[in-house]
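Engineer: Contents of entry.pdb (PDB, C-alpha atoms) are given next:
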```pdb
ATOM      1  CA  MET A   1      -4.936  22.293  16.689
ATOM      2  CA  ARG A   2      -7.347  25.206  16.240
ATOM      3  CA  PHE A   3      -8.890  26.719  13.141
ATOM      4  CA  PRO A   4      -6.959  29.700  11.763
ATOM      5  CA  SER A   5      -8.342  33.234  11.976
ATOM      6  CA  GLN A   6     -10.801  34.410   9.352
ATOM      7  CA  ALA A   7      -8.096  36.596   7.778
ATOM      8  CA  GLU A   8      -5.684  33.640   7.551
ATOM      9  CA  GLU A   9      -8.389  31.461   6.028
ATOM     10  CA  GLN A  10      -9.178  34.124   3.450
ATOM     11  CA  ALA A  11      -5.509  34.539   2.560
ATOM     12  CA  LEU A  12      -5.167  30.783   2.073
ATOM     13  CA  HIS A  13      -8.304  30.723  -0.075
ATOM     14  CA  GLU A  14      -6.814  33.468  -2.283
ATOM     15  CA  ARG A  15      -3.685  31.359  -2.763
ATOM     16  CA  VAL A  16      -5.767  28.296  -3.675
ATOM     17  CA  LEU A  17      -7.818  30.282  -6.187
ATOM     18  CA  LYS A  18      -4.698  31.315  -8.103
ATOM     19  CA  LYS A  19      -3.881  27.643  -8.808
ATOM     20  CA  ASN A  20      -0.254  28.500  -9.441
ATOM     21  CA  GLU A  21       1.194  27.938  -6.008
ATOM     22  CA  ALA A  22       2.403  24.394  -5.447
ATOM     23  CA  LEU A  23       2.341  24.556  -1.638
ATOM     24  CA  ALA A  24      -1.139  26.049  -1.203
ATOM     25  CA  SER A  25      -2.889  22.660  -1.402
ATOM     26  CA  GLN A  26      -0.466  21.162   1.109
ATOM     27  CA  ASP A  27      -1.166  24.083   3.450
ATOM     28  CA  VAL A  28      -4.905  23.465   3.197
ATOM     29  CA  PHE A  29      -4.298  19.939   4.519
ATOM     30  CA  ARG A  30      -1.956  21.221   7.244
ATOM     31  CA  VAL A  31      -4.416  23.864   8.418
ATOM     32  CA  PHE A  32      -7.776  22.095   8.182
ATOM     33  CA  MET A  33      -7.240  18.349   8.444
ATOM     34  CA  ASP A  34      -6.785  18.093  12.218
ATOM     35  CA  PRO A  35      -9.404  20.574  13.466
ATOM     36  CA  ILE A  36     -12.131  19.290  11.117
ATOM     37  CA  THR A  37     -11.342  15.680  12.016
ATOM     38  CA  ARG A  38     -11.636  16.627  15.696
ATOM     39  CA  VAL A  39     -15.080  18.182  15.100
ATOM     40  CA  LEU A  40     -16.248  14.997  13.335
ATOM     41  CA  CYS A  41     -14.957  12.807  16.149
ATOM     42  CA  ARG A  42     -16.829  14.877  18.752
ATOM     43  CA  SER A  43     -20.146  14.491  16.922
ATOM     44  CA  ARG A  44     -22.977  12.284  18.176
ATOM     45  CA  ARG A  45     -22.381   9.684  15.487
ATOM     46  CA  ARG A  46     -18.666   9.430  16.047
ATOM     47  CA  PRO A  47     -17.138   7.973  12.873
ATOM     48  CA  GLU A  48     -14.219   5.584  13.014
ATOM     49  CA  ASP A  49     -10.865   7.352  12.630
ATOM     50  CA  ASP A  50     -10.318   6.097   9.086
ATOM     51  CA  GLU A  51     -13.804   7.172   8.056
ATOM     52  CA  ALA A  52     -13.254  10.622   9.508
ATOM     53  CA  TYR A  53      -9.900  11.020   7.748
ATOM     54  CA  ASP A  54     -11.355   9.836   4.446
ATOM     55  CA  ALA A  55     -14.321  12.206   4.751
ATOM     56  CA  VAL A  56     -12.081  15.216   5.432
ATOM     57  CA  CYS A  57      -9.626  14.205   2.669
ATOM     58  CA  ASP A  58     -12.475  13.930   0.170
ATOM     59  CA  VAL A  59     -13.876  17.323   1.125
ATOM     60  CA  LEU A  60     -10.497  19.082   1.015
ATOM     61  CA  MET A  61      -9.693  17.560  -2.380
ATOM     62  CA  GLU A  62     -13.118  18.557  -3.671
ATOM     63  CA  TYR A  63     -12.528  22.125  -2.432
ATOM     64  CA  LEU A  64      -9.032  22.245  -3.988
ATOM     65  CA  GLU A  65     -10.423  21.109  -7.322
ATOM     66  CA  ASN A  66     -13.280  23.617  -7.283
ATOM     67  CA  PRO A  67     -12.303  26.454  -4.891
ATOM     68  CA  GLU A  68     -14.605  28.881  -6.713
ATOM     69  CA  ARG A  69     -17.631  27.002  -5.354
ATOM     70  CA  TYR A  70     -16.899  28.408  -1.915
ATOM     71  CA  GLN A  71     -18.670  31.750  -1.472
ATOM     72  CA  ALA A  72     -16.810  33.811   1.079
ATOM     73  CA  HIS A  73     -19.750  36.138   1.812
ATOM     74  CA  ARG A  74     -21.897  33.218   3.028
ATOM     75  CA  SER A  75     -19.686  31.627   5.661
ATOM     76  CA  ARG A  76     -16.158  31.151   6.849
ATOM     77  CA  LEU A  77     -14.057  28.675   4.884
ATOM     78  CA  SER A  78     -13.620  26.494   7.982
ATOM     79  CA  SER A  79     -17.423  26.342   8.479
ATOM     80  CA  TYR A  80     -17.988  25.514   4.822
ATOM     81  CA  LEU A  81     -15.412  22.690   4.860
ATOM     82  CA  THR A  82     -16.548  21.324   8.232
ATOM     83  CA  ARG A  83     -20.198  21.234   7.155
ATOM     84  CA  ASN A  84     -19.293  19.378   3.960
ATOM     85  CA  ALA A  85     -17.114  16.925   5.890
ATOM     86  CA  GLU A  86     -19.967  16.236   8.332
ATOM     87  CA  MET A  87     -22.313  15.469   5.435
ATOM     88  CA  GLN A  88     -19.673  13.293   3.793
ATOM     89  CA  ALA A  89     -19.067  11.392   7.053
ATOM     90  CA  ARG A  90     -22.830  10.935   7.525
ATOM     91  CA  ASP A  91     -23.182   9.504   4.001
ATOM     92  CA  THR A  92     -20.238   7.157   4.573
ATOM     93  CA  HIS A  93     -21.695   6.090   7.919
ATOM     94  CA  ARG A  94     -25.108   5.363   6.359
ATOM     95  CA  ALA A  95     -23.509   3.432   3.500
ATOM     96  CA  ARG A  96     -21.524   1.363   6.002
ATOM     97  CA  GLU A  97     -24.619   0.638   8.085
ATOM     98  CA  ALA A  98     -26.590  -0.385   4.995
ATOM     99  CA  ARG A  99     -23.761  -2.651   3.866
ATOM    100  CA  GLN A 100     -23.505  -4.266   7.288
ATOM    101  CA  ARG A 101     -27.293  -4.774   7.380
ATOM    102  CA  ARG A 102     -27.237  -6.406   3.941
ATOM    103  CA  GLU A 103     -24.367  -8.658   4.974
ATOM    104  CA  ARG A 104     -26.139  -9.596   8.235
ATOM    105  CA  GLU A 105     -29.389 -10.406   6.420
ATOM    106  CA  PHE A 106     -27.522 -12.425   3.814
ATOM    107  CA  GLY A 107     -25.678 -14.286   6.569
ATOM    108  CA  GLU A 108     -28.960 -15.121   8.320
ATOM    109  CA  VAL A 109     -30.456 -16.498   5.091
ATOM    110  CA  ILE A 110     -27.382 -18.668   4.509
ATOM    111  CA  GLU A 111     -27.495 -19.837   8.130
ATOM    112  CA  LEU A 112     -31.164 -20.829   7.798
ATOM    113  CA  ARG A 113     -30.635 -22.693   4.575
ATOM    114  CA  ALA A 114     -27.405 -24.431   5.460
ATOM    115  CA  THR A 115     -27.654 -28.023   6.617
ATOM    116  CA  ALA A 116     -26.100 -28.942   9.940
ATOM    117  CA  PRO A 117     -22.738 -30.711   9.473
ATOM    118  CA  ASN A 118     -23.939 -33.981  11.064
ATOM    119  CA  ARG A 119     -27.110 -33.896   8.925
ATOM    120  CA  SER A 120     -24.997 -33.383   5.826
ATOM    121  CA  LEU A 121     -23.026 -36.544   6.658
ATOM    122  CA  GLU A 122     -26.239 -38.514   7.170
ATOM    123  CA  ILE A 123     -27.533 -37.350   3.784
ATOM    124  CA  ASN A 124     -24.306 -38.439   2.080
ATOM    125  CA  VAL A 125     -24.596 -41.915   3.579
ATOM    126  CA  GLU A 126     -28.263 -42.188   2.583
ATOM    127  CA  VAL A 127     -27.524 -41.026  -0.968
ATOM    128  CA  GLY A 128     -24.678 -43.550  -1.296
ATOM    129  CA  HIS A 129     -26.967 -46.354  -0.142
ATOM    130  CA  LEU A 130     -29.769 -45.245  -2.469
ATOM    131  CA  MET A 131     -27.433 -45.064  -5.460
ATOM    132  CA  GLY A 132     -26.370 -48.660  -4.821
ATOM    133  CA  ARG A 133     -30.031 -49.752  -4.793
ATOM    134  CA  LEU A 134     -30.759 -47.800  -7.995
ATOM    135  CA  GLU A 135     -27.820 -49.370  -9.824
ATOM    136  CA  GLN A 136     -29.161 -52.793  -8.929
ATOM    137  CA  ALA A 137     -32.737 -51.979  -9.902
ATOM    138  CA  ILE A 138     -32.113 -50.100 -13.142
ATOM    139  CA  GLN A 139     -30.743 -51.923 -16.116
ATOM    140  CA  GLU A 140     -27.544 -50.790 -17.818
ATOM    141  CA  ARG A 141     -29.378 -49.546 -20.950
ATOM    142  CA  ASP A 142     -31.653 -47.293 -18.886
ATOM    143  CA  ARG A 143     -28.962 -45.593 -16.815
ATOM    144  CA  ALA A 144     -28.095 -42.788 -19.251
ATOM    145  CA  ALA A 145     -31.764 -41.817 -19.637
ATOM    146  CA  PHE A 146     -32.312 -42.092 -15.893
ATOM    147  CA  GLY A 147     -29.337 -39.762 -15.234
ATOM    148  CA  LEU A 148     -30.800 -37.179 -17.613
ATOM    149  CA  ILE A 149     -34.240 -37.389 -15.979
ATOM    150  CA  LEU A 150     -32.697 -36.819 -12.546
ATOM    151  CA  GLN A 151     -30.882 -33.745 -13.907
ATOM    152  CA  GLY A 152     -34.238 -32.353 -15.081
ATOM    153  CA  GLU A 153     -33.752 -32.898 -18.789
ATOM    154  CA  ARG A 154     -37.063 -32.437 -20.639
ATOM    155  CA  SER A 155     -35.990 -32.436 -24.276
ATOM    156  CA  THR A 156     -37.627 -35.295 -26.199
ATOM    157  CA  ASP A 157     -34.651 -35.570 -28.561
ATOM    158  CA  ALA A 158     -32.069 -35.739 -25.761
ATOM    159  CA  LEU A 159     -34.063 -38.341 -23.853
ATOM    160  CA  ALA A 160     -34.789 -40.371 -26.989
ATOM    161  CA  LYS A 161     -31.083 -40.447 -27.774
ATOM    162  CA  ALA A 162     -30.229 -41.605 -24.237
ATOM    163  CA  MET A 163     -32.985 -44.234 -24.469
ATOM    164  CA  ASN A 164     -31.517 -45.528 -27.766
ATOM    165  CA  LEU A 165     -34.874 -45.135 -29.510
ATOM    166  CA  PRO A 166     -34.914 -45.588 -33.292
ATOM    167  CA  THR A 167     -35.803 -42.734 -35.633
ATOM    168  CA  LEU A 168     -39.565 -42.282 -35.353
ATOM    169  CA  PRO A 169     -42.166 -39.696 -36.364
ATOM    170  CA  GLU A 170     -42.272 -36.901 -33.805
ATOM    171  CA  LYS A 171     -45.605 -37.833 -32.271
ATOM    172  CA  GLU A 172     -44.611 -41.464 -31.916
ATOM    173  CA  LEU A 173     -41.187 -40.551 -30.567
ATOM    174  CA  ARG A 174     -42.773 -38.349 -27.897
ATOM    175  CA  ARG A 175     -45.088 -41.202 -26.885
ATOM    176  CA  GLU A 176     -42.186 -43.661 -26.647
ATOM    177  CA  VAL A 177     -40.114 -41.235 -24.559
ATOM    178  CA  LYS A 178     -43.064 -40.688 -22.227
ATOM    179  CA  ARG A 179     -43.640 -44.421 -21.883
ATOM    180  CA  ASN A 180     -39.992 -45.069 -21.006
ATOM    181  CA  ARG A 181     -39.896 -42.098 -18.675
ATOM    182  CA  ASP A 182     -43.021 -43.286 -16.806
ATOM    183  CA  ARG A 183     -41.503 -46.734 -16.498
ATOM    184  CA  LEU A 184     -38.314 -45.363 -14.978
ATOM    185  CA  MET A 185     -40.220 -43.060 -12.615
ATOM    186  CA  LYS A 186     -42.340 -46.015 -11.496
ATOM    187  CA  THR A 187     -39.131 -47.944 -10.727
ATOM    188  CA  LEU A 188     -37.832 -44.984  -8.785
ATOM    189  CA  GLY A 189     -41.109 -44.704  -6.852
ATOM    190  CA  ARG A 190     -40.989 -48.414  -5.985
ATOM    191  CA  ILE A 191     -37.438 -48.104  -4.632
ATOM    192  CA  GLY A 192     -38.525 -45.087  -2.593
ATOM    193  CA  LYS A 193     -41.374 -47.037  -1.013
ATOM    194  CA  GLU A 194     -39.085 -49.982  -0.207
ATOM    195  CA  GLU A 195     -36.632 -47.595   1.531
TER     196      GLU A 195
ATOM    197  CA  MET B   1       8.087  18.631  10.912
ATOM    198  CA  SER B   2       5.481  16.340  12.460
ATOM    199  CA  ASN B   3       3.957  13.527  10.460
ATOM    200  CA  PRO B   4       0.294  13.123  11.325
ATOM    201  CA  ASP B   5      -1.624   9.822  11.170
ATOM    202  CA  TRP B   6      -3.601  10.926   8.142
ATOM    203  CA  LEU B   7      -0.616  11.862   5.972
ATOM    204  CA  GLU B   8      -0.285   8.597   4.044
ATOM    205  CA  ARG B   9      -4.060   8.310   3.486
ATOM    206  CA  ALA B  10      -4.206  11.870   2.183
ATOM    207  CA  ALA B  11      -1.269  11.233  -0.144
ATOM    208  CA  LEU B  12      -3.016   8.129  -1.475
ATOM    209  CA  ARG B  13      -6.292  10.024  -1.964
ATOM    210  CA  ALA B  14      -4.460  12.809  -3.810
ATOM    211  CA  GLN B  15      -3.356  10.337  -6.507
ATOM    212  CA  ARG B  16      -6.852  10.546  -7.997
ATOM    213  CA  ALA B  17      -6.409  14.200  -8.978
ATOM    214  CA  SER B  18      -4.245  14.806 -12.034
ATOM    215  CA  TRP B  19      -3.156  18.266 -10.809
ATOM    216  CA  THR B  20      -1.299  16.842  -7.800
ATOM    217  CA  LEU B  21       2.278  15.707  -7.458
ATOM    218  CA  ALA B  22       0.800  12.481  -6.021
ATOM    219  CA  TYR B  23      -0.664  11.727  -9.451
ATOM    220  CA  THR B  24       2.635  12.565 -11.176
ATOM    221  CA  PHE B  25       4.594  10.350  -8.785
ATOM    222  CA  GLU B  26       2.169   7.473  -9.241
ATOM    223  CA  ARG B  27       2.377   7.752 -13.029
ATOM    224  CA  TYR B  28       6.161   7.848 -12.808
ATOM    225  CA  ARG B  29       6.201   4.754 -10.595
ATOM    226  CA  GLN B  30       3.969   2.891 -13.082
ATOM    227  CA  LEU B  31       6.055   3.918 -16.069
ATOM    228  CA  GLU B  32       9.421   3.229 -14.501
ATOM    229  CA  GLU B  33       8.344   0.323 -12.289
ATOM    230  CA  ARG B  34       9.712   2.003  -9.171
ATOM    231  CA  THR B  35       8.538   1.253  -5.666
ATOM    232  CA  GLU B  36       7.632   4.064  -3.298
ATOM    233  CA  ALA B  37      10.904   3.576  -1.442
ATOM    234  CA  GLU B  38      12.865   3.680  -4.696
ATOM    235  CA  LEU B  39      11.131   6.880  -5.754
ATOM    236  CA  ALA B  40      11.946   8.463  -2.387
ATOM    237  CA  ARG B  41      15.554   7.407  -2.902
ATOM    238  CA  ASP B  42      15.555   8.873  -6.445
ATOM    239  CA  LEU B  43      14.349  12.172  -5.002
ATOM    240  CA  CYS B  44      16.834  11.981  -2.113
ATOM    241  CA  CYS B  45      14.071  12.388   0.470
ATOM    242  CA  THR B  46      12.379  10.351   3.176
ATOM    243  CA  ARG B  47       9.092   8.565   2.583
ATOM    244  CA  GLU B  48       7.325  11.074   4.862
ATOM    245  CA  VAL B  49       8.628  13.977   2.787
ATOM    246  CA  LEU B  50       7.412  12.128  -0.298
ATOM    247  CA  TYR B  51       3.892  12.038   1.224
ATOM    248  CA  TRP B  52       4.010  15.771   1.966
ATOM    249  CA  LEU B  53       5.128  16.414  -1.614
ATOM    250  CA  CYS B  54       2.164  14.342  -2.823
ATOM    251  CA  LEU B  55      -0.182  16.975  -1.370
ATOM    252  CA  CYS B  56       1.362  19.728  -3.502
ATOM    253  CA  ARG B  57      -0.012  21.050  -6.767
ATOM    254  CA  LYS B  58       2.220  19.961  -9.642
ATOM    255  CA  PRO B  59       4.379  22.944 -10.661
ATOM    256  CA  GLU B  60       3.606  24.118 -14.197
ATOM    257  CA  GLY B  61       3.295  27.163 -16.396
ATOM    258  CA  PRO B  62       5.442  30.306 -16.343
ATOM    259  CA  ASP B  63       5.916  30.062 -12.550
ATOM    260  CA  PHE B  64       7.359  26.560 -12.759
ATOM    261  CA  ASP B  65      10.787  27.506 -11.347
ATOM    262  CA  THR B  66       9.316  29.613  -8.560
ATOM    263  CA  GLN B  67       7.006  26.773  -7.520
ATOM    264  CA  VAL B  68       9.802  24.200  -7.552
ATOM    265  CA  THR B  69      11.971  26.559  -5.490
ATOM    266  CA  ALA B  70       9.171  26.982  -2.934
ATOM    267  CA  ILE B  71       8.890  23.196  -2.613
ATOM    268  CA  THR B  72      12.633  22.641  -2.221
ATOM    269  CA  GLU B  73      12.892  25.458   0.333
ATOM    270  CA  ARG B  74      10.302  23.760   2.527
ATOM    271  CA  HIS B  75      11.311  20.133   1.962
ATOM    272  CA  GLU B  76      14.627  18.380   1.699
ATOM    273  CA  VAL B  77      14.418  16.997  -1.811
ATOM    274  CA  ASN B  78      16.754  16.920  -4.781
ATOM    275  CA  ARG B  79      15.577  19.717  -7.056
ATOM    276  CA  LYS B  80      16.984  18.263 -10.277
ATOM    277  CA  ALA B  81      15.521  14.835  -9.574
ATOM    278  CA  LEU B  82      12.104  16.365  -8.828
ATOM    279  CA  VAL B  83      12.146  18.355 -12.073
ATOM    280  CA  ASP B  84      13.253  15.258 -14.007
ATOM    281  CA  VAL B  85      10.334  13.229 -12.637
ATOM    282  CA  ILE B  86       7.780  15.955 -13.454
ATOM    283  CA  ARG B  87       9.164  16.514 -16.969
ATOM    284  CA  HIS B  88       9.399  12.780 -17.652
ATOM    285  CA  VAL B  89       5.726  12.238 -16.854
ATOM    286  CA  GLU B  90       4.688  15.372 -18.772
ATOM    287  CA  ILE B  91       6.500  14.156 -21.895
ATOM    288  CA  VAL B  92       5.055  10.653 -21.738
ATOM    289  CA  GLU B  93       1.547  12.001 -21.134
ATOM    290  CA  ALA B  94       1.884  14.433 -24.067
ATOM    291  CA  LEU B  95       3.149  11.658 -26.347
ATOM    292  CA  SER B  96       0.356   9.345 -25.237
ATOM    293  CA  LYS B  97      -2.234  11.997 -26.020
ATOM    294  CA  GLN B  98      -0.738  12.615 -29.469
ATOM    295  CA  VAL B  99      -0.682   8.916 -30.304
ATOM    296  CA  THR B 100      -4.251   8.529 -29.040
ATOM    297  CA  ALA B 101      -5.439  11.507 -31.067
ATOM    298  CA  ALA B 102      -3.649  10.267 -34.204
ATOM    299  CA  ASN B 103      -4.771   6.642 -33.994
ATOM    300  CA  GLY B 104      -7.969   6.922 -32.046
ATOM    301  CA  GLU B 105      -6.604   4.161 -29.843
ATOM    302  CA  GLU B 106      -5.979   3.583 -26.182
ATOM    303  CA  PRO B 107      -2.772   5.296 -25.013
ATOM    304  CA  PRO B 108       0.179   2.959 -24.583
ATOM    305  CA  LEU B 109       1.338   2.937 -20.979
ATOM    306  CA  GLN B 110       4.999   2.323 -21.686
ATOM    307  CA  MET B 111       5.969   4.785 -24.368
ATOM    308  CA  ALA B 112       9.368   6.090 -23.432
ATOM    309  CA  ALA B 113      12.388   3.935 -22.948
ATOM    310  CA  ARG B 114      14.265   4.717 -19.758
ATOM    311  CA  ASP B 115      17.712   6.012 -20.555
ATOM    312  CA  ARG B 116      18.628   6.988 -17.030
ATOM    313  CA  VAL B 117      17.170   7.479 -13.612
ATOM    314  CA  PRO B 118      16.863  10.870 -11.903
ATOM    315  CA  GLY B 119      20.085  11.907 -10.229
ATOM    316  CA  GLU B 120      22.187   9.621 -12.413
ATOM    317  CA  LYS B 121      25.284  11.285 -13.846
ATOM    318  CA  THR B 122      25.321  11.708 -17.601
ATOM    319  CA  SER B 123      28.474  11.579 -19.674
ATOM    320  CA  PRO B 124      29.700  14.989 -20.989
TER     321      PRO B 124
END
```
Spit out the file's structure as structure tokens when you get a sec.

Structural biologist:
Amino acid sequence: MRFPSQAEEQALHERVLKKNEALASQDVFRVFMDPITRVLCRSRRRPEDDEAYDAVCDVLMEYLENPERYQAHRSRLSSYLTRNAEMQARDTHRAREARQRREREFGEVIELRATAPNRSLEINVEVGHLMGRLEQAIQERDRAAFGLILQGERSTDALAKAMNLPTLPEKELRREVKRNRDRLMKTLGRIGKEE
Amino acid sequence: MSNPDWLERAALRAQRASWTLAYTFERYRQLEERTEAELARDLCCTREVLYWLCLCRKPEGPDFDTQVTAITERHEVNRKALVDVIRHVEIVEALSKQVTAANGEEPPLQMAARDRVPGEKTSP
């Protein structure tokens, strides 16, 4: 399909400007959609069909919403719409490339950090074995406090509660928590050396 | 009339503009819980004709009848059903705006009860 003559384009533009003719917008799609899409698809950076259609749709809708922005003395309507569609397609293409690059980079990071499936199994077995050793080495009353330490808990109050310490002045409580914590860490270190 | 590959995409894109019939049809479908196929059936047209209609400007103002006539001369569609759909959405939108303005609240989506569907015979 070819672009209409300049006179036909101008007549269509006049109909669009009036905004009281229901079929004018449909005719804009009929007249311009195919030839502009063909121009986009012949360009160096050939967009995918869907991208080309979306770019032309967006530009035609934008024109139909604001037809007064087109200045007839500057260029033909077909040139104006085609130029805008090319810019729209270029923006879409760049956005797609950027998105794909981000996804690729993210994928590479995940790939680097992920543990190999067989290694993951080995770790599970080692952890299971280690937990058995810890349960044997650490007394029942210390297990709650030990669990909190492994989770990174640093609050004196929380640790004191898990260690079943009596109510003490703050300074003394902190010292008792530290003493118990050091004792547990020493036990952990000893198990590590034995393994 | 040929139906190009882009027709459905264009009809979908046109829903974003409130001046299009696509927007009116979409609002009607939301309000009346009609599928696209059901709406096409209400309008006595094919789904492809429905997509072409979506690309039209919604008839309004003093030229309303002339615009509707132009549409029905080009496309096989039930004129009365088309007018009913347009008027139905216009009324609900107007009511929603009034309620919003009066209460300063979000407009209720389901304002009007459905008494009948377009094309349905009414008792004399």

Engineer: Up to 12 Å from chain A, what residues of chain B turn up? Count only C-alpha atoms and give them as a ChimeraX atom specification.

Structural biologist: /B:1-22,49,51-75

Engineer: Which residues would end up in the selection if the PyMOL selection byres ((chain A and resi 148-164) around 10) were applied here, given that I need the answer as a ChimeraX atom specification?

Structural biologist: /A:141-147,165-168,170,173-178,180-181,184-185

Engineer: Can you tell me how far CA of Arg34 (chain B) sits from CA of Gly104 (chain B), in Å to one decimal?

Structural biologist: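 That distance, rounded to one decimal, is 29.3 Å.
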
Engineer: Tell me which residues the PyMOL selection byres ((chain B and resi 89) around 9) grabs here, as a VMD selection string.

Structural biologist: chain B and resid 24 to 25 27 to 28 31 84 to 88 90 to 94

Engineer: Pick from A:Gly192, A:His73, A:Asp91, A:Leu40: nearest to Glu126 (chain A), with all atoms listed in the file counted?

Structural biologist: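 Of the candidates, the smallest distance to Glu126 (chain A) is held by A:Gly192.
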